[in-house]
file run_23.txt (compact mmCIF, C-alpha atoms)
# COMPACT_ATOMS: atom_id res chain seq x y z
CA MET L 1 22.99 -5.73 -24.23
CA ALA L 2 21.36 -8.42 -26.36
CA SER L 3 22.52 -12.00 -26.33
CA THR L 4 23.46 -13.64 -29.64
CA HIS L 5 22.66 -17.13 -28.36
CA HIS L 6 18.93 -16.76 -27.78
CA HIS L 7 16.74 -17.68 -30.75
CA GLU L 8 13.59 -19.06 -29.09
CA PRO L 9 10.56 -17.19 -30.47
CA VAL L 10 8.48 -15.16 -28.03
CA THR L 11 5.08 -16.79 -27.78
CA ALA L 12 2.09 -16.19 -25.56
CA GLU L 13 1.82 -17.81 -22.13
CA PHE L 14 -1.49 -18.11 -20.32
CA LEU L 15 -1.91 -18.65 -16.62
CA GLU L 16 -4.14 -21.53 -15.63
CA LEU L 17 -4.79 -21.25 -11.93
CA SER L 18 -4.70 -24.70 -10.42
CA PRO L 19 -7.47 -25.88 -8.07
CA ALA L 20 -4.81 -26.25 -5.36
CA ALA L 21 -3.79 -22.59 -5.70
CA ARG L 22 -7.42 -21.45 -5.61
CA ARG L 23 -8.03 -23.56 -2.50
CA ARG L 24 -4.97 -22.00 -0.91
CA PHE L 25 -6.33 -18.50 -1.53
CA ILE L 26 -9.71 -19.48 -0.11
CA LEU L 27 -7.94 -21.00 2.87
CA PHE L 28 -6.36 -17.61 3.55
CA ILE L 29 -9.85 -16.11 3.65
CA VAL L 30 -11.25 -18.85 5.89
CA ALA L 31 -8.29 -18.64 8.28
CA GLY L 32 -8.68 -14.87 8.36
CA VAL L 33 -12.37 -15.09 9.18
CA VAL L 34 -11.63 -17.55 12.00
CA LEU L 35 -8.93 -15.28 13.43
CA MET L 36 -11.22 -12.25 13.15
CA ALA L 37 -13.99 -14.11 14.99
CA ILE L 38 -11.62 -15.16 17.77
CA GLY L 39 -10.23 -11.65 18.06
CA LEU L 40 -13.67 -10.04 18.09
CA ILE L 41 -14.87 -12.40 20.83
CA MET L 42 -11.75 -11.72 22.89
CA ALA L 43 -12.14 -7.96 22.41
CA ALA L 44 -15.83 -8.11 23.35
CA MET L 45 -14.91 -10.00 26.54
CA ASN L 46 -11.99 -7.58 27.10
CA ILE L 47 -9.45 -10.40 27.22
CA GLY L 48 -6.12 -8.61 27.22
CA GLY L 49 -7.91 -5.27 26.78
CA HIS L 50 -6.28 -1.93 27.58
CA HIS L 51 -9.11 0.59 27.40
CA GLU L 52 -8.56 1.57 31.01
CA VAL L 53 -5.05 2.66 30.06
CA ALA L 54 -6.40 4.60 27.10
CA ALA L 55 -8.87 6.45 29.32
CA ALA L 56 -6.21 7.26 31.87
CA HIS L 57 -3.87 8.64 29.26
CA GLY L 58 -6.44 10.29 26.99
CA ALA L 59 -5.69 13.78 28.21
CA SER L 60 -2.00 13.37 28.92
CA GLU L 61 -0.47 12.85 25.51
CA GLY L 62 0.65 16.44 25.13
CA ALA L 63 -0.68 19.52 23.40
CA GLY L 64 -2.19 18.86 20.02
CA ALA L 65 -3.19 15.29 20.87
CA SER L 66 -6.39 13.93 19.47
CA VAL L 67 -8.18 14.14 22.82
CA GLU L 68 -11.70 12.76 22.78
CA HIS L 69 -13.99 15.77 23.18
CA GLY L 70 -17.21 13.83 23.13
CA GLY L 71 -19.43 11.54 21.18
CA ASP L 72 -20.20 7.98 22.14
CA HIS L 73 -17.76 5.46 20.78
CA ALA L 74 -18.67 2.03 19.46
CA PRO L 75 -17.57 -0.99 21.50
CA ILE L 76 -13.87 -1.78 21.36
CA TRP L 77 -14.37 -4.89 19.21
CA LEU L 78 -16.25 -2.88 16.59
CA ARG L 79 -13.76 -0.02 16.62
CA ARG L 80 -10.93 -2.50 16.10
CA LEU L 81 -12.83 -4.06 13.21
CA PHE L 82 -13.29 -0.67 11.55
CA ALA L 83 -9.64 0.27 12.06
CA SER L 84 -8.30 -3.06 10.77
CA LEU L 85 -10.52 -2.94 7.69
CA TRP L 86 -9.41 0.62 6.97
CA GLN L 87 -5.73 -0.21 7.50
CA SER L 88 -5.56 -3.29 5.27
CA ASN L 89 -7.75 -1.78 2.57
CA THR L 90 -5.77 1.46 2.40
CA TYR L 91 -2.55 -0.54 2.22
CA LEU L 92 -3.91 -2.79 -0.53
CA ILE L 93 -5.37 0.03 -2.61
CA GLY L 94 -1.92 1.61 -2.60
CA ILE L 95 -0.25 -1.59 -3.79
CA SER L 96 -2.91 -1.93 -6.50
CA VAL L 97 -2.34 1.51 -7.96
CA VAL L 98 1.43 1.10 -7.69
CA GLY L 99 1.10 -1.60 -10.35
CA THR L 100 -0.20 1.05 -12.73
CA VAL L 101 2.45 3.54 -11.58
CA PHE L 102 5.11 0.92 -12.33
CA VAL L 103 3.73 0.43 -15.85
CA ALA L 104 3.45 4.17 -16.46
CA ILE L 105 6.96 5.00 -15.23
CA ASN L 106 8.54 2.29 -17.37
CA THR L 107 6.47 3.42 -20.35
CA VAL L 108 7.50 7.07 -20.25
CA ALA L 109 11.10 5.99 -19.56
CA TYR L 110 11.12 3.76 -22.69
CA ALA L 111 12.27 0.93 -20.41
CA GLY L 112 12.37 -2.43 -22.14
CA TRP L 113 13.57 -4.72 -19.36
CA SER L 114 10.28 -4.62 -17.43
CA ILE L 115 8.02 -5.87 -20.23
CA ILE L 116 8.35 -9.43 -18.91
CA VAL L 117 6.56 -8.44 -15.66
CA ARG L 118 4.26 -5.79 -17.14
CA ARG L 119 1.17 -8.00 -17.05
CA ILE L 120 1.71 -8.70 -13.36
CA ALA L 121 1.70 -4.99 -12.62
CA GLU L 122 -1.37 -4.48 -14.81
CA ALA L 123 -3.28 -7.17 -12.91
CA PHE L 124 -2.86 -5.43 -9.54
CA SER L 125 -5.47 -2.82 -10.41
CA ALA L 126 -8.19 -5.49 -10.08
CA TRP L 127 -8.54 -4.43 -6.45
CA LEU L 128 -9.22 -0.73 -7.06
CA LEU L 129 -13.01 -0.82 -7.45
CA PRO L 130 -13.62 -3.43 -4.71
CA GLY L 131 -11.27 -1.42 -2.51
CA LEU L 132 -13.26 1.76 -3.16
CA ALA L 133 -16.52 -0.01 -2.27
CA ILE L 134 -15.03 -1.31 1.00
CA MET L 135 -13.60 2.11 1.81
CA LEU L 136 -16.99 3.79 1.38
CA ILE L 137 -18.78 1.17 3.46
CA VAL L 138 -16.27 1.39 6.32
CA PHE L 139 -16.21 5.17 6.20
CA PHE L 140 -19.99 5.49 6.53
CA ALA L 141 -20.36 2.65 9.02
CA SER L 142 -17.60 3.83 11.35
CA GLY L 143 -18.91 7.34 11.93
CA HIS L 144 -16.46 9.24 14.14
CA ASN L 145 -14.83 6.06 15.43
CA LEU L 146 -12.09 6.32 12.80
CA PHE L 147 -11.98 10.04 12.14
CA HIS L 148 -12.35 12.33 15.13
CA TRP L 149 -13.19 15.26 12.86
CA ARG L 150 -16.51 13.55 12.09
CA THR L 151 -17.71 13.95 15.71
CA GLU L 152 -21.08 15.71 15.71
CA GLY L 153 -20.77 19.39 16.53
CA ILE L 154 -16.98 19.43 16.53
CA MET L 155 -16.93 22.31 14.06
CA ASP L 156 -19.87 24.15 15.62
CA PRO L 157 -18.85 26.91 18.07
CA ALA L 158 -22.11 26.41 19.96
CA SER L 159 -21.44 22.72 20.60
CA GLU L 160 -19.81 21.31 23.70
CA HIS L 161 -17.68 19.18 21.36
CA TYR L 162 -16.31 22.21 19.51
CA ASP L 163 -12.63 22.07 18.56
CA ALA L 164 -11.21 25.32 17.16
CA ILE L 165 -8.25 23.64 15.43
CA ILE L 166 -10.41 21.07 13.64
CA ALA L 167 -12.99 23.73 12.80
CA GLY L 168 -10.22 25.69 11.12
CA LYS L 169 -9.80 22.79 8.70
CA SER L 170 -13.51 22.58 7.83
CA GLY L 171 -12.93 23.91 4.31
CA PHE L 172 -10.97 20.74 3.56
CA LEU L 173 -12.30 18.24 6.09
CA ASN L 174 -16.01 18.30 5.36
CA LEU L 175 -18.08 15.30 4.38
CA PRO L 176 -19.11 16.20 0.79
CA PHE L 177 -15.65 17.36 -0.29
CA TYR L 178 -13.98 14.39 1.42
CA LEU L 179 -16.23 11.86 -0.31
CA ILE L 180 -15.80 13.56 -3.68
CA ARG L 181 -12.04 13.33 -3.32
CA MET L 182 -12.14 9.70 -2.21
CA VAL L 183 -14.33 8.53 -5.09
CA LEU L 184 -12.70 10.76 -7.70
CA PHE L 185 -9.13 9.73 -6.86
CA VAL L 186 -9.77 6.00 -7.00
CA LEU L 187 -11.84 6.35 -10.17
CA ILE L 188 -9.02 8.33 -11.80
CA TRP L 189 -6.57 5.57 -10.87
CA TRP L 190 -8.97 2.90 -12.12
CA PHE L 191 -9.65 4.72 -15.42
CA PHE L 192 -5.99 5.07 -16.32
CA SER L 193 -5.28 1.50 -15.21
CA GLU L 194 -8.02 0.25 -17.52
CA ARG L 195 -6.90 2.51 -20.35
CA LEU L 196 -3.29 1.32 -20.22
CA ARG L 197 -4.36 -2.32 -20.01
CA LYS L 198 -6.77 -1.94 -22.93
CA LEU L 199 -4.04 -0.42 -25.09
CA SER L 200 -1.71 -3.25 -24.08
CA LEU L 201 -4.27 -5.95 -24.97
CA GLU L 202 -5.10 -4.30 -28.29
CA GLU L 203 -1.38 -4.20 -29.04
CA ASP L 204 -1.27 -7.96 -28.41
CA GLN L 205 -4.00 -8.50 -30.99
CA LEU L 206 -3.02 -6.03 -33.70
CA GLY L 207 0.68 -5.26 -33.20
CA GLY L 208 2.37 -2.10 -34.45
CA THR L 209 3.70 0.87 -32.49
CA GLY L 210 0.56 3.01 -32.45
CA PHE L 211 -0.71 1.61 -29.18
CA TRP L 212 2.69 2.14 -27.59
CA ASP L 213 2.70 5.78 -28.67
CA LYS L 214 -0.75 6.29 -27.11
CA SER L 215 0.42 4.56 -23.94
CA ILE L 216 3.21 7.11 -23.52
CA ASN L 217 0.72 10.00 -23.54
CA VAL L 218 -1.69 8.21 -21.21
CA SER L 219 1.13 7.29 -18.81
CA ALA L 220 2.51 10.83 -18.69
CA LEU L 221 -0.89 12.30 -17.84
CA PHE L 222 -1.55 9.61 -15.26
CA LEU L 223 1.75 10.22 -13.47
CA VAL L 224 1.03 13.94 -13.17
CA LEU L 225 -2.42 13.26 -11.74
CA PHE L 226 -1.13 10.52 -9.45
CA ALA L 227 1.55 12.80 -8.01
CA VAL L 228 -1.19 15.14 -6.82
CA THR L 229 -3.94 12.68 -5.90
CA SER L 230 -1.72 10.22 -4.01
CA SER L 231 -0.47 12.94 -1.66
CA ILE L 232 -3.97 14.24 -0.96
CA ALA L 233 -5.21 10.67 -0.49
CA ALA L 234 -2.49 10.17 2.14
CA TRP L 235 -3.69 13.29 3.97
CA ASP L 236 -7.32 12.20 3.74
CA TRP L 237 -7.13 8.48 4.46
CA VAL L 238 -4.32 8.42 7.00
CA MET L 239 -3.13 11.79 8.29
CA SER L 240 -6.63 13.14 9.03
CA ILE L 241 -7.02 10.35 11.60
CA ASP L 242 -4.64 12.40 13.80
CA THR L 243 -6.57 15.54 12.99
CA HIS L 244 -4.54 17.99 15.05
CA TRP L 245 -1.25 16.72 13.67
CA PHE L 246 0.28 17.64 10.32
CA SER L 247 3.40 16.93 8.31
CA THR L 248 4.36 18.40 4.96
CA MET L 249 6.29 15.21 4.15
CA PHE L 250 3.49 12.77 4.89
CA GLY L 251 2.30 12.37 1.30
CA TRP L 252 5.78 11.30 0.24
CA TYR L 253 6.05 9.02 3.24
CA VAL L 254 2.86 7.11 2.42
CA PHE L 255 3.78 6.92 -1.25
CA ALA L 256 7.21 5.51 -0.38
CA SER L 257 5.57 2.81 1.74
CA TRP L 258 3.07 1.97 -1.02
CA TRP L 259 5.76 1.99 -3.69
CA VAL L 260 8.30 -0.31 -2.06
CA ALA L 261 5.50 -2.71 -1.03
CA GLY L 262 4.22 -2.68 -4.62
CA ILE L 263 7.66 -3.48 -6.00
CA ALA L 264 7.96 -6.35 -3.51
CA ALA L 265 4.54 -7.65 -4.57
CA ILE L 266 5.47 -7.57 -8.29
CA LEU L 267 8.75 -9.34 -7.55
CA LEU L 268 7.13 -11.99 -5.36
CA THR L 269 4.41 -12.69 -7.93
CA ALA L 270 7.02 -13.05 -10.67
CA ILE L 271 9.00 -15.54 -8.56
CA PHE L 272 5.95 -17.64 -7.76
CA LEU L 273 4.95 -17.71 -11.45
CA LYS L 274 8.48 -18.68 -12.47
CA GLN L 275 8.56 -21.48 -9.93
CA ALA L 276 5.17 -22.69 -11.19
CA GLY L 277 6.59 -23.05 -14.71
CA TYR L 278 5.46 -19.75 -16.22
CA LEU L 279 7.44 -16.71 -17.43
CA ARG L 280 10.06 -18.86 -19.13
CA PHE L 281 11.92 -15.75 -20.33
CA LEU L 282 12.23 -14.31 -16.83
CA ASN L 283 15.84 -14.66 -15.75
CA SER L 284 18.21 -13.57 -13.00
CA ASN L 285 18.79 -10.24 -14.75
CA HIS L 286 15.12 -9.26 -14.40
CA LEU L 287 15.15 -10.41 -10.79
CA HIS L 288 18.31 -8.39 -10.22
CA ASP L 289 16.66 -5.20 -11.45
CA LEU L 290 13.53 -5.76 -9.38
CA GLY L 291 15.75 -6.54 -6.40
CA LYS L 292 17.66 -3.31 -6.95
CA LEU L 293 14.40 -1.36 -6.98
CA MET L 294 13.26 -3.00 -3.74
CA PHE L 295 16.67 -2.41 -2.17
CA GLY L 296 16.92 1.21 -3.34
CA PHE L 297 13.42 2.26 -2.38
CA SER L 298 13.72 0.65 1.04
CA ILE L 299 16.52 3.16 1.54
CA PHE L 300 14.33 5.92 0.06
CA TRP L 301 11.52 5.09 2.50
CA THR L 302 14.03 5.28 5.36
CA TYR L 303 15.27 8.63 4.10
CA ILE L 304 11.72 10.02 4.15
CA TRP L 305 11.06 8.43 7.55
CA PHE L 306 14.21 9.92 9.05
CA SER L 307 13.72 13.33 7.47
CA GLN L 308 10.20 13.60 8.88
CA PHE L 309 11.21 12.32 12.31
CA MET L 310 14.40 14.37 12.59
CA LEU L 311 12.76 17.68 11.62
CA ILE L 312 9.89 17.18 14.05
CA TRP L 313 12.23 16.06 16.84
CA TYR L 314 14.58 18.99 16.24
CA ALA L 315 11.80 21.60 16.18
CA ASN L 316 10.19 20.05 19.29
CA LEU L 317 6.83 21.73 18.66
CA PRO L 318 4.07 20.08 20.72
CA GLU L 319 1.55 20.08 17.87
CA GLU L 320 4.00 18.10 15.73
CA SER L 321 5.90 15.97 18.23
CA VAL L 322 2.73 14.48 19.75
CA TYR L 323 2.55 12.04 16.83
CA PHE L 324 5.89 10.49 17.71
CA ASN L 325 5.37 10.82 21.46
CA GLN L 326 2.33 8.56 21.17
CA ARG L 327 4.25 5.97 19.18
CA LEU L 328 7.50 6.08 21.17
CA GLY L 329 6.32 6.26 24.77
CA GLY L 330 2.60 6.91 24.87
CA PHE L 331 0.02 4.43 26.16
CA ASN L 332 2.55 2.83 28.53
CA GLY L 333 4.95 2.19 25.67
CA GLN L 334 2.55 -0.12 23.84
CA TYR L 335 3.89 0.89 20.42
CA THR L 336 7.54 1.48 21.33
CA TRP L 337 8.79 -1.96 20.29
CA LEU L 338 6.90 -1.72 17.02
CA PHE L 339 8.33 1.73 16.35
CA PHE L 340 11.87 0.31 16.31
CA PHE L 341 10.90 -3.01 14.71
CA ASN L 342 9.44 -0.97 11.85
CA LEU L 343 12.92 0.35 11.09
CA ILE L 344 14.53 -3.08 11.39
CA ILE L 345 12.17 -4.94 9.06
CA ASN L 346 11.72 -2.13 6.51
CA PHE L 347 15.29 -0.84 6.39
CA ALA L 348 17.97 -2.83 8.22
CA PHE L 349 16.88 -6.27 7.02
CA PRO L 350 16.42 -5.51 3.28
CA PHE L 351 19.52 -3.30 3.31
CA LEU L 352 21.79 -5.97 4.77
CA ALA L 353 20.17 -8.91 2.97
CA LEU L 354 20.30 -7.36 -0.52
CA MET L 355 23.56 -5.47 -0.30
CA THR L 356 25.48 -7.86 -2.58
CA ARG L 357 24.87 -8.44 -6.28
CA ASP L 358 24.44 -12.18 -5.83
CA ALA L 359 21.70 -11.72 -3.22
CA LYS L 360 19.63 -9.75 -5.73
CA ARG L 361 19.81 -12.65 -8.20
CA GLN L 362 18.79 -15.49 -5.88
CA MET L 363 15.10 -16.38 -5.80
CA ILE L 364 15.11 -17.65 -2.24
CA MET L 365 16.73 -14.50 -0.86
CA LEU L 366 14.49 -12.21 -2.90
CA LYS L 367 11.41 -14.15 -1.81
CA ILE L 368 12.31 -13.87 1.88
CA VAL L 369 13.04 -10.14 1.65
CA ALA L 370 9.92 -9.42 -0.43
CA ILE L 371 7.69 -11.18 2.09
CA ALA L 372 9.40 -9.30 4.94
CA VAL L 373 8.93 -5.98 3.13
CA LEU L 374 5.23 -6.65 2.52
CA ILE L 375 4.69 -7.56 6.17
CA GLY L 376 6.85 -4.65 7.29
CA HIS L 377 4.91 -2.02 5.39
CA TRP L 378 1.60 -3.50 6.52
CA LEU L 379 2.97 -2.89 10.02
CA ASP L 380 3.98 0.60 8.91
CA PHE L 381 0.34 1.35 8.11
CA TYR L 382 -0.60 -0.23 11.44
CA MET L 383 1.66 2.30 13.13
CA MET L 384 0.16 5.16 11.14
CA ILE L 385 -3.46 4.28 11.90
CA MET L 386 -3.87 2.39 15.18
CA PRO L 387 -2.50 4.87 17.78
CA GLY L 388 -4.76 7.62 16.43
CA THR L 389 -7.91 5.49 16.26
CA LEU L 390 -7.61 2.98 19.09
CA LYS L 391 -5.07 4.49 21.47
CA ALA L 392 -4.13 1.59 23.80
CA ASP L 393 -6.99 -0.66 22.66
CA SER L 394 -5.20 -2.03 19.61
CA GLY L 395 -4.18 -5.65 19.10
CA PHE L 396 -3.16 -8.09 16.39
CA ILE L 397 -5.58 -11.04 16.19
CA ILE L 398 -8.42 -9.16 14.49
CA GLU L 399 -5.93 -7.22 12.41
CA ILE L 400 -4.02 -10.27 11.14
CA GLY L 401 -7.30 -12.03 10.41
CA THR L 402 -8.49 -9.05 8.38
CA ALA L 403 -5.19 -8.96 6.50
CA LEU L 404 -5.54 -12.64 5.56
CA VAL L 405 -9.09 -12.09 4.28
CA PHE L 406 -7.86 -9.19 2.14
CA LEU L 407 -4.84 -11.17 0.96
CA GLY L 408 -6.91 -14.14 -0.19
CA SER L 409 -9.47 -11.90 -1.88
CA PHE L 410 -6.80 -9.86 -3.63
CA LEU L 411 -5.02 -12.99 -4.91
CA LEU L 412 -8.27 -14.40 -6.29
CA LEU L 413 -9.06 -11.19 -8.17
CA MET L 414 -5.49 -10.53 -9.30
CA THR L 415 -4.85 -14.05 -10.63
CA LYS L 416 -8.22 -14.07 -12.39
CA ARG L 417 -7.26 -10.87 -14.18
CA LEU L 418 -3.79 -12.25 -14.85
CA SER L 419 -5.26 -15.33 -16.52
CA GLN L 420 -7.38 -13.28 -18.93
CA ALA L 421 -4.44 -12.33 -21.17
CA SER L 422 -1.01 -13.59 -22.12
CA LEU L 423 1.55 -13.25 -19.36
CA ILE L 424 3.94 -11.83 -21.97
CA PRO L 425 2.92 -8.89 -24.21
CA VAL L 426 4.08 -10.68 -27.36
CA ASN L 427 3.65 -7.70 -29.71
CA HIS L 428 5.13 -5.02 -27.49
CA PRO L 429 7.85 -3.09 -29.39
CA PHE L 430 10.37 -3.81 -26.62
CA VAL L 431 9.54 -7.43 -25.89
CA GLU L 432 12.69 -8.75 -27.57
CA GLU L 433 14.79 -6.31 -25.58
CA SER L 434 13.20 -7.62 -22.40
CA VAL L 435 13.73 -11.24 -23.38
CA HIS L 436 17.42 -10.61 -24.08
CA HIS L 437 17.90 -8.31 -21.09
CA THR L 438 21.23 -8.59 -19.28
CA THR L 439 22.75 -6.61 -16.42
call {"tool": "encode", "arguments": {"input": "run_23.txt", "output": "structure tokens"}}
result
Amino acid sequence: MASTHHHEPVTAEFLELSPAARRRFILFIVAGVVLMAIGLIMAAMNIGGHHEVAAAHGASEGAGASVEHGGDHAPIWLRRLFASLWQSNTYLIGISVVGTVFVAINTVAYAGWSIIVRRIAEAFSAWLLPGLAIMLIVFFASGHNLFHWRTEGIMDPASEHYDAIIAGKSGFLNLPFYLIRMVLFVLIWWFFSERLRKLSLEEDQLGGTGFWDKSINVSALFLVLFAVTSSIAAWDWVMSIDTHWFSTMFGWYVFASWWVAGIAAILLTAIFLKQAGYLRFLNSNHLHDLGKLMFGFSIFWTYIWFSQFMLIWYANLPEESVYFNQRLGGFNGQYTWLFFFNLIINFAFPFLALMTRDAKRQMIMLKIVAIAVLIGHWLDFYMMIMPGTLKADSGFIIEIGTALVFLGSFLLLMTKRLSQASLIPVNHPFVEESVHHTT
């Protein structure tokens, strides 16, 4: 419903990143590097290490476990570095592409309310190409330390490292095909992100509805491709770490984690910009809708989590249940507390905190919940990746340091992209509807 009291013309707003904000982002990177260095030194000296536990339990995690069949592993400190880089980068690539998914969904839905935050979502894709470069470097550098299926000879019947189950997946899990998928998927996401942004910027300059019409077609095609590529990416980048294990719901599970974290990131960015004096047309109605999305999809993530867990628990098949056995009681219960904390921070807290209408319209409450959701789903990826790669050798100092480096780098790239165009698409056909949006 449009308001009859609002007559202020919609004009362009441009972000000017203050030196203080830039220093803050760089400080994140510096603090992350320091934490990584401390963590790497501690891991190298085996301060608080648990590799003895991992060795003792390596063959006792149940049938279907990712038992080490051979191949020399890198030192613990290096393995943790590889795993933490992979975890944070995979998480951040997902948030980046979710920005484009958000734009595309609202475009094909003819949604007007979201135009105010469209440029924020567009800016997230700045991480896609750097993320791809990091992913390739870590993948090649890590060898079989991240992915057991890359162990030399593991698919060769004549090798002492041969694994019949993994060999049966060689048609999908082979190096050339894997790399083609990795590069192709991210490039597809990047291409459509750039295409939608270019149409949006041209619309700013020239006006009219032609660019909007083209955006609908581009968005529809992108969403079809993303539905397929995101699921396969989840299998490749995360599920193939636990090579023996499988879940038909895992693609949806990873997408749900990416999606709710992406919504939280869009919301948090919008709040910070509003508090810095930008986005003058952003009001409590826009925040309410973003809050509802974060609230609703936190429940959706929990639904997927429970459905996957319940079906595997009920069937009680060793080749499926090993995944949860490792996270619930394996490695002397190292991950048990995190298993339950994952549910508290990603479901119980946002559910209870955002249950009322007023809570979804208060910046301070939305900011707290959004930060908790972003941390919570980073921990969700930690739970997906660390037990399969590090067993009982995981920790948090290196991992938090890596996350801070990625956070500072992402903010520098995202805000730079955000400053290159008006924060409000002034010539979008629905911009007035967004400005006058009420709920």
call {"tool": "closest_residue", "arguments": {"input": "run_23.txt", "among": "L:Ile154, L:Leu128, L:Leu201, L:Ala109", "to": "Gln420 in chain L", "atoms": "only C-alpha atoms"}}
result
L:Leu201
call {"tool": "residues_near_point", "arguments": {"input": "run_23.txt", "point": "(-4.4, 10.3, 5.0)", "cutoff": "12 Å", "atoms": "only C-alpha atoms", "output": "number ranges by chain"}}
result
L: 86-87, 90-91, 94, 146-147, 173, 178, 181-182, 229-243, 245-255, 381, 384-385, 388
call {"tool": "atom_distance", "arguments": {"input": "run_23.txt", "atom1": "CA of Arg22 in chain L", "atom2": "CA of Ser419 in chain L"}}
result
12.7 Å
call {"tool": "closest_residue", "arguments": {"input": "run_23.txt", "among": "L:Phe139, L:Phe347, L:Phe281, L:Trp113", "to": "Glu13 in chain L", "atoms": "all atoms listed in the file"}}
result
L:Phe281
call {"tool": "residues_around", "arguments": {"input": "run_23.txt", "residues": "Trp190 in chain L", "least_positions_apart": "5", "cutoff": "8 Å", "atoms": "only C-alpha atoms", "output": "PDB file with C-alpha atoms, keeping the file's coordinate frame"}}
result
ATOM      1  CA  VAL L  97      -2.340   1.510  -7.960  1.00  0.00           C
ATOM      2  CA  SER L 125      -5.470  -2.820 -10.410  1.00  0.00           C
ATOM      3  CA  LEU L 128      -9.220  -0.730  -7.060  1.00  0.00           C
ATOM      4  CA  LEU L 129     -13.010  -0.820  -7.450  1.00  0.00           C
TER       5      LEU L 129
END
call {"tool": "axis_aligned_box", "arguments": {"input": "run_23.txt", "around": "range 289-302 of chain L", "padding_each_side": "6 Å", "output": "JSON"}}
result
{"center_x": 14.6, "center_y": -0.3, "center_z": -3.0, "size_x": 18.1, "size_y": 24.5, "size_z": 28.8}
